[in-house]
Amino acid sequence: MICALGAAVCFGTASVLQAVATRATEPGTGSGVDTALLMRALRQWRYLAGLGLDGAGFVLQIIALRHIPIYAVGAALAASLAVTAVVAARLLRVRLSGTEWAAVAVVAAGLVMLGLSSGEEGSGTGSLTLKLGLLGVAGLVLVAGALAGGLPDRSRSLTLGLAAGTGFGVVEVAVRLIDDISLSALSNPALYALLLGGGAAFLLLTSALQRGSVTTATAGMVLGETIGPAAVGVAWLGDRTREGLTWLAVTGFVVAVAGALALARFGEPPAPPDPSRPVPETP
């Protein structure tokens with residue numbers, strides 16, 4: 001659980017850096033799958049620093065997924081929005097309201113409940129059908145991102161967010177379906193699902209941060225990366241709670257995700273000042 005929380009800190013801080021860098025980048029084509037936009041963002045040092053934190057967070061995420069259920073890791077990763085809110089308040093001088101500070105506390109309370117109630121990871125290794133299905137979902141994420149470019153901004157943001165979250169969810173499940181890192185893993189469809197799902201999610205999230213309502217996209221991402229993977233872990237991989245504490249785990253999961261959704265606006269940095277608007281004179 002400590003590794004999952006460490007991953008949330010890394011991802012939450014990276015979100016602020018990447019959002020600022022992406023908004024400072026020249027607009028792309030508007031497509032959800034815009035590799036040129038990603039290449040331009042890579043020229044920004046803040047985006048590169050965010051990628052470094054993402055890499056560290058991914059390593060911590062893998063360690064966590066090897067020891068605790070997917071639902072606990074997913075809720076902890078959704079809590080990265082609480083980290084984003086606190087970092088944004090510090091670095092970007094964004095003012096948090098009393099309600100938003102309460103939401104940060106709610107997220108923390110939900111994670112405490114999950115930490116107390118979650119058992120060990122399930123012993124299920126997943127069938128070949130599940131692995132192939134996961135690869136198919138990763139492919140659909142890429143298709144959804146490509147189609148989202150022609151939608152109105154609000155629908156585009158929600159679609160990109162859900163698709164990106166689903167891609168990150170594919171990564172969570174795929175980590176559990178890869179037994180070891182060796183030549184034998186090359187024949188495992190879950191490895192390709194991890195690479196395709198993770199790559200597609202990065203592309204889609206970059207596009208969502210660049211244009212449209214990032215608040216809507218972030219909320220969609222939280223839902224996409226938590227609910228589906230948690231269901232797969234319980235239904236197919238044998239994830240369970242400590243005996244008699246299922247109610248506490250369910251409550252903690254719902255509370256943590258709800259608190260994260262309340263902080264969804266912190267996926268979006270403040271808009272730059274409009275130079276065409278006159279600055280009011282000081283009386």
# chains A, B, ... in the order shown; residues from 1 in each chain; ligands from 1
>>> residues_around(residues="A:Glu120", least_positions_apart="6", cutoff="7 Å", atoms="only C-alpha atoms", output="list in words")
His67, Ile68 and Pro69 of chain A
>>> residues_around(residues="A:Asp179", least_positions_apart="6", cutoff="12 Å", atoms="only C-alpha atoms", output="NGL selection string")
:A and (66 or 123-126 or 185-191)
>>> write_last_selection(atoms="all heavy atoms", output="compact mmCIF listing (two decimals), in the first residue's frame")
# COMPACT_ATOMS: atom_id res chain seq x y z
N ARG A 66 1.68 -6.44 -7.35
CA ARG A 66 2.17 -7.79 -7.05
C ARG A 66 1.87 -8.21 -5.62
O ARG A 66 2.14 -9.35 -5.25
CB ARG A 66 3.69 -7.86 -7.29
CG ARG A 66 4.10 -7.76 -8.74
CD ARG A 66 3.62 -8.96 -9.53
NE ARG A 66 4.12 -8.98 -10.89
CZ ARG A 66 3.86 -9.93 -11.77
NH1 ARG A 66 3.11 -10.96 -11.42
NH2 ARG A 66 4.33 -9.87 -12.99
N SER A 123 -4.84 -15.27 -6.33
CA SER A 123 -3.90 -16.25 -6.89
C SER A 123 -4.20 -16.58 -8.34
O SER A 123 -3.47 -17.33 -8.97
CB SER A 123 -3.96 -17.53 -6.06
OG SER A 123 -5.29 -18.05 -6.02
N GLY A 124 -5.28 -16.01 -8.90
CA GLY A 124 -5.64 -16.31 -10.29
C GLY A 124 -4.62 -15.75 -11.26
O GLY A 124 -4.10 -14.65 -11.08
N THR A 125 -4.30 -16.54 -12.31
CA THR A 125 -3.32 -16.11 -13.30
C THR A 125 -3.98 -15.64 -14.59
O THR A 125 -3.31 -15.06 -15.44
CB THR A 125 -2.35 -17.26 -13.64
OG1 THR A 125 -3.11 -18.40 -14.09
CG2 THR A 125 -1.54 -17.64 -12.40
N GLY A 126 -5.29 -15.87 -14.73
CA GLY A 126 -5.99 -15.39 -15.91
C GLY A 126 -5.91 -16.38 -17.06
O GLY A 126 -4.84 -16.94 -17.33
N ALA A 185 7.75 -14.40 -21.99
CA ALA A 185 6.72 -13.36 -21.92
C ALA A 185 6.35 -12.83 -23.30
O ALA A 185 5.28 -12.24 -23.48
CB ALA A 185 7.20 -12.22 -21.03
N LEU A 186 7.22 -13.05 -24.29
CA LEU A 186 6.95 -12.55 -25.64
C LEU A 186 5.75 -13.25 -26.28
O LEU A 186 5.16 -12.73 -27.22
CB LEU A 186 8.18 -12.73 -26.53
CG LEU A 186 9.42 -11.91 -26.12
CD1 LEU A 186 10.60 -12.25 -27.02
CD2 LEU A 186 9.11 -10.42 -26.18
N SER A 187 5.40 -14.41 -25.78
CA SER A 187 4.23 -15.13 -26.30
C SER A 187 2.96 -14.84 -25.50
O SER A 187 1.92 -15.42 -25.77
CB SER A 187 4.51 -16.64 -26.30
OG SER A 187 4.73 -17.10 -24.97
N ASN A 188 3.07 -13.95 -24.52
CA ASN A 188 1.93 -13.63 -23.66
C ASN A 188 1.20 -12.41 -24.22
O ASN A 188 1.76 -11.31 -24.28
CB ASN A 188 2.43 -13.34 -22.24
CG ASN A 188 1.30 -13.20 -21.25
OD1 ASN A 188 0.14 -13.00 -21.61
ND2 ASN A 188 1.62 -13.30 -19.97
N PRO A 189 -0.07 -12.53 -24.63
CA PRO A 189 -0.82 -11.38 -25.17
C PRO A 189 -0.91 -10.22 -24.19
O PRO A 189 -1.07 -9.07 -24.60
CB PRO A 189 -2.20 -11.97 -25.47
CG PRO A 189 -1.98 -13.44 -25.61
CD PRO A 189 -0.88 -13.77 -24.67
N ALA A 190 -0.82 -10.52 -22.87
CA ALA A 190 -0.93 -9.46 -21.87
C ALA A 190 0.21 -8.46 -21.99
O ALA A 190 0.03 -7.27 -21.69
CB ALA A 190 -0.95 -10.06 -20.46
N LEU A 191 1.39 -8.91 -22.43
CA LEU A 191 2.52 -8.00 -22.60
C LEU A 191 2.21 -6.95 -23.67
O LEU A 191 2.47 -5.75 -23.48
CB LEU A 191 3.77 -8.78 -22.98
CG LEU A 191 5.01 -7.94 -23.33
CD1 LEU A 191 5.46 -7.13 -22.12
CD2 LEU A 191 6.16 -8.83 -23.82
>>> residues_around(residues="A:Val73", least_positions_apart="5", cutoff="12 Å", atoms="only C-alpha atoms", output="number ranges by chain")
A: 1-8, 57-58, 60-68, 78-80, 111, 114-115, 118-121, 168-169, 171-173, 175-176, 225-227, 229-230, 233, 239, 253, 256-257
>>> select_by_dssp(residues="stretch 64-117 of chain A", states="alpha helix (DSSP H)", output="number ranges by chain")
A: 64-65, 70-78, 80-91, 98-117
>>> atom_distance(atom1="atom CA of A:Arg40", atom2="atom CA of A:Thr25")
6.6 Å
>>> decode(residues="stretch 13-112 of chain A", atoms="C-alpha atoms", output="short mmCIF file (atom, residue, chain, number, x, y, z; two decimals), in the first residue's frame")
data_model
loop_
_atom_site.label_atom_id
_atom_site.label_comp_id
_atom_site.auth_asym_id
_atom_site.auth_seq_id
_atom_site.Cartn_x
_atom_site.Cartn_y
_atom_site.Cartn_z
CA THR A 13 2.87 15.72 -9.31
CA ALA A 14 3.53 14.67 -12.91
CA SER A 15 -0.01 15.70 -13.89
CA VAL A 16 0.62 19.32 -12.88
CA LEU A 17 3.92 19.48 -14.78
CA GLN A 18 2.51 17.81 -17.89
CA ALA A 19 -0.66 19.88 -17.96
CA VAL A 20 1.29 23.14 -17.82
CA ALA A 21 3.72 21.94 -20.51
CA THR A 22 0.95 20.68 -22.82
CA ARG A 23 -1.03 23.92 -22.62
CA ALA A 24 2.14 25.85 -23.57
CA THR A 25 2.60 23.69 -26.67
CA GLU A 26 1.41 24.69 -30.14
CA PRO A 27 -2.08 23.23 -30.77
CA GLY A 28 -2.20 19.93 -32.63
CA THR A 29 -4.59 18.55 -35.21
CA GLY A 30 -7.42 18.06 -32.74
CA SER A 31 -7.31 14.29 -33.13
CA GLY A 32 -7.37 12.18 -30.01
CA VAL A 33 -4.37 10.26 -31.33
CA ASP A 34 -1.96 13.08 -32.17
CA THR A 35 1.66 11.89 -32.13
CA ALA A 36 2.92 15.28 -33.43
CA LEU A 37 1.45 16.99 -30.35
CA LEU A 38 3.22 14.48 -28.13
CA MET A 39 6.55 15.10 -29.88
CA ARG A 40 6.18 18.88 -29.40
CA ALA A 41 5.31 18.37 -25.73
CA LEU A 42 8.49 16.32 -25.29
CA ARG A 43 10.50 19.49 -26.00
CA GLN A 44 9.18 21.00 -22.75
CA TRP A 45 11.34 20.28 -19.71
CA ARG A 46 8.28 20.14 -17.48
CA TYR A 47 6.77 17.40 -19.62
CA LEU A 48 10.03 15.43 -19.49
CA ALA A 49 10.20 15.85 -15.71
CA GLY A 50 6.61 14.59 -15.54
CA LEU A 51 7.54 11.55 -17.62
CA GLY A 52 10.39 10.82 -15.22
CA LEU A 53 7.94 10.88 -12.31
CA ASP A 54 5.54 8.71 -14.32
CA GLY A 55 8.32 6.15 -14.79
CA ALA A 56 9.04 6.06 -11.05
CA GLY A 57 5.32 5.82 -10.33
CA PHE A 58 4.94 2.93 -12.76
CA VAL A 59 7.66 0.93 -10.99
CA LEU A 60 5.96 1.53 -7.63
CA GLN A 61 2.62 0.59 -9.20
CA ILE A 62 4.00 -2.75 -10.42
CA ILE A 63 5.33 -3.55 -6.94
CA ALA A 64 1.95 -2.70 -5.40
CA LEU A 65 0.01 -4.79 -7.94
CA ARG A 66 2.17 -7.79 -7.05
CA HIS A 67 1.15 -7.64 -3.39
CA ILE A 68 -2.33 -6.13 -2.94
CA PRO A 69 -5.62 -6.36 -4.90
CA ILE A 70 -6.20 -4.27 -8.02
CA TYR A 71 -9.12 -2.42 -6.40
CA ALA A 72 -6.83 -1.04 -3.68
CA VAL A 73 -4.16 0.03 -6.17
CA GLY A 74 -6.76 1.60 -8.49
CA ALA A 75 -8.28 3.67 -5.70
CA ALA A 76 -4.82 4.80 -4.57
CA LEU A 77 -3.97 5.89 -8.11
CA ALA A 78 -7.25 7.81 -8.36
CA ALA A 79 -6.15 9.57 -5.19
CA SER A 80 -3.32 11.11 -7.20
CA LEU A 81 -5.86 13.88 -7.90
CA ALA A 82 -5.64 14.83 -4.23
CA VAL A 83 -1.87 15.09 -4.68
CA THR A 84 -2.41 17.15 -7.84
CA ALA A 85 -4.69 19.52 -5.93
CA VAL A 86 -2.15 20.07 -3.15
CA VAL A 87 0.77 20.49 -5.60
CA ALA A 88 -1.27 22.89 -7.75
CA ALA A 89 -2.10 24.94 -4.66
CA ARG A 90 1.61 25.13 -3.85
CA LEU A 91 3.26 25.56 -7.26
CA LEU A 92 0.53 27.25 -9.29
CA ARG A 93 -0.90 29.27 -6.40
CA VAL A 94 -4.36 27.78 -6.96
CA ARG A 95 -6.68 28.46 -4.04
CA LEU A 96 -8.46 25.40 -2.60
CA SER A 97 -11.88 25.99 -1.13
CA GLY A 98 -12.94 24.49 2.17
CA THR A 99 -14.98 21.89 0.27
CA GLU A 100 -11.95 20.85 -1.74
CA TRP A 101 -9.77 20.50 1.34
CA ALA A 102 -12.57 18.34 2.75
CA ALA A 103 -12.44 16.24 -0.44
CA VAL A 104 -8.69 15.71 0.08
CA ALA A 105 -9.47 14.49 3.62
CA VAL A 106 -12.23 12.22 2.26
CA VAL A 107 -9.80 10.63 -0.19
CA ALA A 108 -7.33 10.01 2.64
CA ALA A 109 -10.07 8.45 4.79
CA GLY A 110 -11.12 6.15 1.94
CA LEU A 111 -7.53 4.97 1.48
CA VAL A 112 -7.20 4.25 5.20
#
